[in-house]
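S.K.: My structure file model-v4.cif, mmCIF, C-alpha atoms and all ligand atoms, is below:
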```cif
data_query
#
loop_
_atom_site.label_atom_id
_atom_site.label_comp_id
_atom_site.auth_asym_id
_atom_site.auth_seq_id
_atom_site.Cartn_x
_atom_site.Cartn_y
_atom_site.Cartn_z
CA MET A 1 0.00 0.00 0.00
CA ALA A 2 1.32 3.47 -0.91
CA LYS A 3 2.58 5.51 2.02
CA GLU A 4 0.19 8.24 3.10
CA ARG A 5 0.79 11.55 4.80
CA GLN A 6 -1.45 14.07 6.49
CA ILE A 7 -2.17 17.03 4.24
CA VAL A 8 -3.93 20.22 5.34
CA LEU A 9 -5.91 22.05 2.69
CA SER A 10 -7.64 25.40 2.81
CA VAL A 11 -10.95 24.93 1.01
CA ASN A 12 -13.48 27.76 0.78
CA GLY A 13 -11.77 29.45 3.74
CA ARG A 14 -11.92 26.36 5.95
CA SER A 15 -9.07 24.12 6.98
CA ARG A 16 -9.58 20.52 5.86
CA SER A 17 -7.15 17.69 6.44
CA GLY A 18 -6.83 14.15 5.26
CA SER A 19 -4.31 11.37 4.86
CA PHE A 20 -3.38 10.88 1.22
CA PRO A 21 -0.79 8.98 -0.81
CA SER A 22 1.50 11.09 -3.00
CA HIS A 23 -0.34 10.12 -6.19
CA ARG A 24 -3.77 11.30 -4.93
CA THR A 25 -5.22 14.03 -7.15
CA LEU A 26 -6.86 17.15 -5.78
CA LEU A 27 -10.12 15.99 -7.39
CA GLU A 28 -10.03 12.67 -5.55
CA ALA A 29 -9.02 14.31 -2.27
CA LEU A 30 -11.75 16.96 -2.43
CA ARG A 31 -14.41 14.37 -3.16
CA GLU A 32 -13.10 12.15 -0.33
CA LEU A 33 -13.47 15.19 1.94
CA GLY A 34 -17.11 15.55 0.87
CA HIS A 35 -16.73 18.26 -1.77
CA THR A 36 -18.94 16.47 -4.28
CA GLU A 37 -19.72 19.82 -5.93
CA VAL A 38 -16.36 19.25 -7.69
CA LYS A 39 -17.32 16.93 -10.51
CA SER A 40 -15.40 14.02 -11.90
CA GLY A 41 -15.64 13.70 -15.67
CA CYS A 42 -12.85 12.59 -17.97
CA GLU A 43 -10.12 12.69 -15.27
CA LYS A 44 -7.55 13.60 -17.93
CA GLY A 45 -7.87 17.34 -18.44
CA ASP A 46 -10.35 17.34 -21.32
CA CYS A 47 -13.72 18.37 -19.86
CA GLY A 48 -13.17 20.99 -17.13
CA ALA A 49 -15.89 19.50 -14.90
CA CYS A 50 -13.39 19.25 -12.03
CA ALA A 51 -12.19 22.89 -12.18
CA VAL A 52 -11.48 24.71 -8.93
CA LEU A 53 -9.70 27.96 -8.17
CA VAL A 54 -6.21 27.67 -6.68
CA ASP A 55 -5.13 31.10 -5.45
CA GLY A 56 -7.72 32.55 -7.83
CA MET A 57 -6.67 30.67 -10.97
CA ALA A 58 -8.85 27.94 -12.47
CA VAL A 59 -7.11 24.57 -12.58
CA ASP A 60 -8.28 21.09 -13.49
CA SER A 61 -8.20 19.34 -10.13
CA CYS A 62 -7.92 15.95 -11.86
CA LEU A 63 -4.48 16.97 -13.16
CA THR A 64 -3.28 18.44 -9.85
CA LEU A 65 -1.64 16.30 -7.16
CA VAL A 66 -3.10 17.19 -3.80
CA TRP A 67 0.25 17.66 -2.06
CA THR A 68 1.18 20.43 -4.52
CA VAL A 69 -1.60 22.72 -3.27
CA GLU A 70 -1.00 22.41 0.46
CA GLY A 71 -1.06 25.93 1.93
CA ARG A 72 -2.78 27.47 -1.08
CA GLU A 73 -6.35 28.76 -1.16
CA ILE A 74 -8.73 26.41 -2.94
CA THR A 75 -12.18 27.62 -3.93
CA THR A 76 -14.97 25.42 -5.25
CA VAL A 77 -18.25 26.66 -6.70
CA VAL A 78 -19.80 26.36 -3.23
CA GLY A 79 -17.27 28.87 -1.93
CA LEU A 80 -18.52 31.57 -4.31
CA GLY A 81 -22.00 31.92 -2.87
CA ASN A 82 -25.11 30.08 -1.78
CA ALA A 83 -28.86 30.08 -2.35
CA GLU A 84 -29.38 33.02 0.02
CA ALA A 85 -26.45 35.07 -1.32
CA PRO A 86 -25.54 33.76 -4.77
CA HIS A 87 -22.54 35.04 -6.69
CA PRO A 88 -23.66 37.00 -9.80
CA LEU A 89 -22.41 34.11 -11.96
CA GLN A 90 -24.53 31.62 -10.02
CA LYS A 91 -27.57 33.90 -10.28
CA ALA A 92 -27.03 34.53 -13.99
CA PHE A 93 -26.73 30.82 -14.77
CA ALA A 94 -30.05 30.24 -12.98
CA ASP A 95 -31.79 33.27 -14.51
CA CYS A 96 -30.62 32.45 -18.05
CA GLY A 97 -31.57 28.77 -17.78
CA ALA A 98 -27.96 27.92 -18.57
CA ALA A 99 -28.00 24.47 -16.94
CA GLN A 100 -29.69 21.30 -18.07
CA CYS A 101 -28.25 18.22 -16.33
CA GLY A 102 -25.96 20.63 -14.46
CA TYR A 103 -22.92 18.36 -14.37
CA CYS A 104 -20.61 20.78 -16.16
CA ILE A 105 -21.86 23.89 -14.38
CA PRO A 106 -19.55 23.99 -11.31
CA GLY A 107 -16.54 23.87 -13.62
CA MET A 108 -18.08 26.39 -16.03
CA ILE A 109 -18.71 28.87 -13.22
CA ILE A 110 -15.19 28.42 -11.84
CA ALA A 111 -13.66 28.97 -15.30
CA ALA A 112 -15.86 32.04 -15.82
CA LYS A 113 -14.90 33.47 -12.41
CA SER A 114 -11.22 33.04 -13.18
CA MET A 115 -11.68 34.75 -16.56
CA LEU A 116 -13.81 37.67 -15.28
CA ASP A 117 -11.37 38.39 -12.46
CA ARG A 118 -8.77 39.07 -15.16
CA ASN A 119 -11.02 40.49 -17.86
CA PRO A 120 -14.13 42.22 -16.46
CA GLN A 121 -15.33 43.32 -19.90
CA PRO A 122 -14.98 40.23 -22.10
CA SER A 123 -16.04 40.18 -25.73
CA ASP A 124 -18.13 37.25 -27.00
CA ASP A 125 -14.92 35.70 -28.31
CA ASP A 126 -13.18 36.23 -24.96
CA ILE A 127 -16.01 34.32 -23.25
CA ARG A 128 -15.78 31.48 -25.76
CA VAL A 129 -12.02 31.25 -25.35
CA GLY A 130 -12.28 31.55 -21.56
CA LEU A 131 -14.64 28.58 -21.42
CA SER A 132 -12.96 26.58 -24.17
CA GLY A 133 -11.57 24.10 -21.65
CA ASN A 134 -15.04 23.22 -20.39
CA LEU A 135 -17.33 20.81 -22.20
CA CYS A 136 -21.12 20.67 -21.97
CA ARG A 137 -23.05 17.84 -23.59
CA CYS A 138 -26.51 19.36 -23.00
CA THR A 139 -26.96 23.07 -23.55
CA GLY A 140 -25.36 23.94 -26.87
CA TYR A 141 -23.38 26.59 -24.94
CA THR A 142 -25.43 29.63 -26.06
CA LYS A 143 -27.20 30.13 -22.73
CA ILE A 144 -23.95 29.55 -20.85
CA PHE A 145 -22.25 32.31 -22.85
CA GLU A 146 -25.27 34.59 -22.27
CA ALA A 147 -25.09 33.90 -18.52
CA VAL A 148 -21.41 34.81 -18.34
CA ASP A 149 -22.07 38.00 -20.31
CA ALA A 150 -24.94 38.92 -17.96
CA ALA A 151 -22.84 38.20 -14.87
CA ALA A 152 -20.01 40.33 -16.23
CA ALA A 153 -22.44 43.25 -16.66
CA THR A 154 -23.74 42.77 -13.10
CA LEU A 155 -20.23 42.65 -11.66
CA ARG A 156 -19.24 45.82 -13.55
CA ALA A 157 -22.37 47.61 -12.28
CA GLU A 158 -21.64 46.45 -8.73
CA GLY A 159 -18.07 47.73 -9.08
CA GLU A 160 -19.32 51.12 -10.21
CA ARG A 161 -21.66 51.38 -7.20
CA ARG A 162 -18.80 50.77 -4.75
S1 LIG B 201 -12.43 15.59 -14.90
FE1 LIG B 201 -10.80 17.00 -14.90
S2 LIG B 201 -10.79 17.86 -16.89
FE2 LIG B 201 -12.32 16.29 -16.97
S1 LIG B 202 -25.68 21.06 -18.50
FE1 LIG B 202 -25.35 18.91 -18.82
S2 LIG B 202 -23.25 18.77 -19.32
FE2 LIG B 202 -23.64 20.88 -19.26
#
```
Here is a file; write its structure as structure tokens.
M.R.:
Amino acid sequence: MAKERQIVLSVNGRSRSGSFPSHRTLLEALRELGHTEVKSGCEKGDCGACAVLVDGMAVDSCLTLVWTVEGREITTVVGLGNAEAPHPLQKAFADCGAAQCGYCIPGMIIAAKSMLDRNPQPSDDDIRVGLSGNLCRCTGYTKIFEAVDAAAATLRAEGERR
């Protein structure tokens, strides 16, 4: 059996620890810790369903070994907001009807958050490129792109009010 070691992660502002072998991926570790909002799809970097933010940058957690992110801030879609206080991206996805089965949506929202943090005024092409690492088998993408555009407008308006 592979040797395990205790690893402490910071997930959505909370300290979480577990005993993991060196080959354990961040995706596997997060799901073992109960973060089932992080979805397992292809497990080889093709679909983006497993995306999380690591220090604000979207990464595919299936391609990330858990020990490499010890001490860094990990954010899942649950860390962005909740039903009572949704993040503008979460609200826009709901308002635009951008989800069907919903499996890809946590990764889509994480990828969109990472993009909008760097480019608050994305063009349609910017949105397409920003989400190009995330696959959806249901929606045809149009409503997803509309949701990201709507969330970007909301975030800009909120920024202007501050
Ligand atoms: S499960 Fe990680 S990219 Fe598909
Ligand atoms: S909503 Fe089903 S995979 Fe995207």
S.K.: Check the smallest atom-to-atom distance from each of A:Gly56, A:Gly79, A:Gly48, A:Pro122 to ligand LIG 202 (chain B) using all atoms listed in the file, then report the winner.
M.R.: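 The shortest atom-to-atom distance to ligand LIG 202 (chain B) comes from A:Gly48.
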S.K.: Go through the chains and note each residue within 7 Å of ligand LIG 201 (chain B), using all atoms listed in the file, then give the set as a JSON list (two decimals) with C-alpha atoms, in the coordinates of the input.
M.R.:
```
[["chain", "number", "residue", "atom", "x", "y", "z"],
["A", 39, "LYS", "CA", -17.32, 16.93, -10.51],
["A", 40, "SER", "CA", -15.40, 14.02, -11.90],
["A", 41, "GLY", "CA", -15.64, 13.70, -15.67],
["A", 42, "CYS", "CA", -12.85, 12.59, -17.97],
["A", 43, "GLU", "CA", -10.12, 12.69, -15.27],
["A", 44, "LYS", "CA", -7.55, 13.60, -17.93],
["A", 45, "GLY", "CA", -7.87, 17.34, -18.44],
["A", 46, "ASP", "CA", -10.35, 17.34, -21.32],
["A", 47, "CYS", "CA", -13.72, 18.37, -19.86],
["A", 48, "GLY", "CA", -13.17, 20.99, -17.13],
["A", 49, "ALA", "CA", -15.89, 19.50, -14.90],
["A", 50, "CYS", "CA", -13.39, 19.25, -12.03],
["A", 51, "ALA", "CA", -12.19, 22.89, -12.18],
["A", 60, "ASP", "CA", -8.28, 21.09, -13.49],
["A", 61, "SER", "CA", -8.20, 19.34, -10.13],
["A", 62, "CYS", "CA", -7.92, 15.95, -11.86],
["A", 63, "LEU", "CA", -4.48, 16.97, -13.16]]
```
S.K.: Taking a cut-off of 7 Å and counting all atoms listed in the file, can you build a table that, for each residue of chain A near ligand LIG 202 (chain B), reports the nearest atom pair and how far apart they are in Å (one decimal), sorted by chain then residue number, as a tab-separated table?
M.R.:
```
residue	atom	partner	partner_atom	distance
A:Ala99	CA	B:LIG202	S1	4.4
A:Gln100	CA	B:LIG202	S1	4.0
A:Cys101	CA	B:LIG202	FE1	3.9
A:Gly102	CA	B:LIG202	S1	4.1
A:Tyr103	CA	B:LIG202	S2	5.0
A:Cys104	CA	B:LIG202	FE2	4.3
A:Ile105	CA	B:LIG202	FE2	6.0
A:Leu135	CA	B:LIG202	S2	6.9
A:Cys136	CA	B:LIG202	FE2	3.7
A:Arg137	CA	B:LIG202	S2	4.4
A:Cys138	CA	B:LIG202	FE1	4.4
A:Thr139	CA	B:LIG202	S1	5.6
```
S.K.: Residues of range 15-100 of chain A that approach range 6-9 of chain A to 12 Å or less, counting all atoms listed in the file: could you list each one with the shortest pair of atoms and its distance in Å to one decimal, rows by chain and increasing residue number, as JSON lines?
M.R.:
```
{"residue": "A:Ser15", "atom": "CA", "partner": "A:Leu9", "partner_atom": "CA", "distance": 5.7}
{"residue": "A:Arg16", "atom": "CA", "partner": "A:Leu9", "partner_atom": "CA", "distance": 5.1}
{"residue": "A:Ser17", "atom": "CA", "partner": "A:Val8", "partner_atom": "CA", "distance": 4.2}
{"residue": "A:Gly18", "atom": "CA", "partner": "A:Gln6", "partner_atom": "CA", "distance": 5.5}
{"residue": "A:Ser19", "atom": "CA", "partner": "A:Gln6", "partner_atom": "CA", "distance": 4.3}
{"residue": "A:Phe20", "atom": "CA", "partner": "A:Gln6", "partner_atom": "CA", "distance": 6.5}
{"residue": "A:Pro21", "atom": "CA", "partner": "A:Gln6", "partner_atom": "CA", "distance": 8.9}
{"residue": "A:Ser22", "atom": "CA", "partner": "A:Ile7", "partner_atom": "CA", "distance": 10.1}
{"residue": "A:Arg24", "atom": "CA", "partner": "A:Ile7", "partner_atom": "CA", "distance": 10.9}
{"residue": "A:Leu26", "atom": "CA", "partner": "A:Leu9", "partner_atom": "CA", "distance": 9.8}
{"residue": "A:Ala29", "atom": "CA", "partner": "A:Leu9", "partner_atom": "CA", "distance": 9.7}
{"residue": "A:Leu30", "atom": "CA", "partner": "A:Leu9", "partner_atom": "CA", "distance": 9.3}
{"residue": "A:Leu33", "atom": "CA", "partner": "A:Leu9", "partner_atom": "CA", "distance": 10.2}
{"residue": "A:Val54", "atom": "CA", "partner": "A:Leu9", "partner_atom": "CA", "distance": 10.9}
{"residue": "A:Leu65", "atom": "CA", "partner": "A:Ile7", "partner_atom": "CA", "distance": 11.4}
{"residue": "A:Val66", "atom": "CA", "partner": "A:Ile7", "partner_atom": "CA", "distance": 8.1}
{"residue": "A:Trp67", "atom": "CA", "partner": "A:Ile7", "partner_atom": "CA", "distance": 6.8}
{"residue": "A:Thr68", "atom": "CA", "partner": "A:Ile7", "partner_atom": "CA", "distance": 10.0}
{"residue": "A:Val69", "atom": "CA", "partner": "A:Leu9", "partner_atom": "CA", "distance": 7.4}
{"residue": "A:Glu70", "atom": "CA", "partner": "A:Leu9", "partner_atom": "CA", "distance": 5.4}
{"residue": "A:Gly71", "atom": "CA", "partner": "A:Leu9", "partner_atom": "CA", "distance": 6.3}
{"residue": "A:Arg72", "atom": "CA", "partner": "A:Leu9", "partner_atom": "CA", "distance": 7.3}
{"residue": "A:Glu73", "atom": "CA", "partner": "A:Leu9", "partner_atom": "CA", "distance": 7.7}
{"residue": "A:Ile74", "atom": "CA", "partner": "A:Leu9", "partner_atom": "CA", "distance": 7.7}
{"residue": "A:Thr75", "atom": "CA", "partner": "A:Leu9", "partner_atom": "CA", "distance": 10.7}
```
S.K.: Just to confirm, what's the straight-line distance from CA of Arg31 in chain A to CA of Pro86 in chain A in Å (one decimal)?
M.R.: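 Distance reported for this atom pair: 22.4 Å.
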S.K.: Fewer than 2 positions away in the same chain doesn't count, so skip those; otherwise give me all residues within 12 Å of Leu80 in chain A, counting only C-alpha atoms, as a PyMOL selection string.
M.R.: chain A and resi 11-13+37+52-53+56+74-78+82-91+106+109-110+112-114
S.K.: Write out as a list in words which residues come within 8 Å of range 145-162 of chain A when counting all atoms listed in the file, dropping same-chain ones fewer than 2 positions away.
M.R.: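 Selected residues are Pro88, Leu89, Lys91, Ala92, Phe93, Asp95, Cys96, Ala98, Ala112, Leu116, Pro120, Gln121, Pro122, Asp124, Ile127, Arg128, Tyr141, Thr142 and Lys143 of chain A.
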S.K.: Just C-alpha atoms for this one: save the residues we selected as a compact mmCIF listing (two decimals), in the coordinates of the input.
M.R.:
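Written out: again-v5.txt:
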```txt
# COMPACT_ATOMS: atom_id res chain seq x y z
CA PRO A 88 -23.66 37.00 -9.80
CA LEU A 89 -22.41 34.11 -11.96
CA LYS A 91 -27.57 33.90 -10.28
CA ALA A 92 -27.03 34.53 -13.99
CA PHE A 93 -26.73 30.82 -14.77
CA ASP A 95 -31.79 33.27 -14.51
CA CYS A 96 -30.62 32.45 -18.05
CA ALA A 98 -27.96 27.92 -18.57
CA ALA A 112 -15.86 32.04 -15.82
CA LEU A 116 -13.81 37.67 -15.28
CA PRO A 120 -14.13 42.22 -16.46
CA GLN A 121 -15.33 43.32 -19.90
CA PRO A 122 -14.98 40.23 -22.10
CA ASP A 124 -18.13 37.25 -27.00
CA ILE A 127 -16.01 34.32 -23.25
CA ARG A 128 -15.78 31.48 -25.76
CA TYR A 141 -23.38 26.59 -24.94
CA THR A 142 -25.43 29.63 -26.06
CA LYS A 143 -27.20 30.13 -22.73
```
S.K.: Do you have the CA of His23 in chain A-CA of Val38 in chain A distance handy?
M.R.: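 Computed distance, CA of His23 in chain A to CA of Val38 in chain A, equals 18.5 Å.
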S.K.: Separation of CA of Ile144 in chain A and CA of His35 in chain A, in Å?
M.R.: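 For CA of Ile144 in chain A relative to CA of His35 in chain A, the distance reads 23.3 Å.
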S.K.: With only C-alpha atoms as the atoms that count, which of A:Ala2, A:Ala58, A:Leu131, A:Leu27 lies nearest to Met108 in chain A?
M.R.: A:Leu131
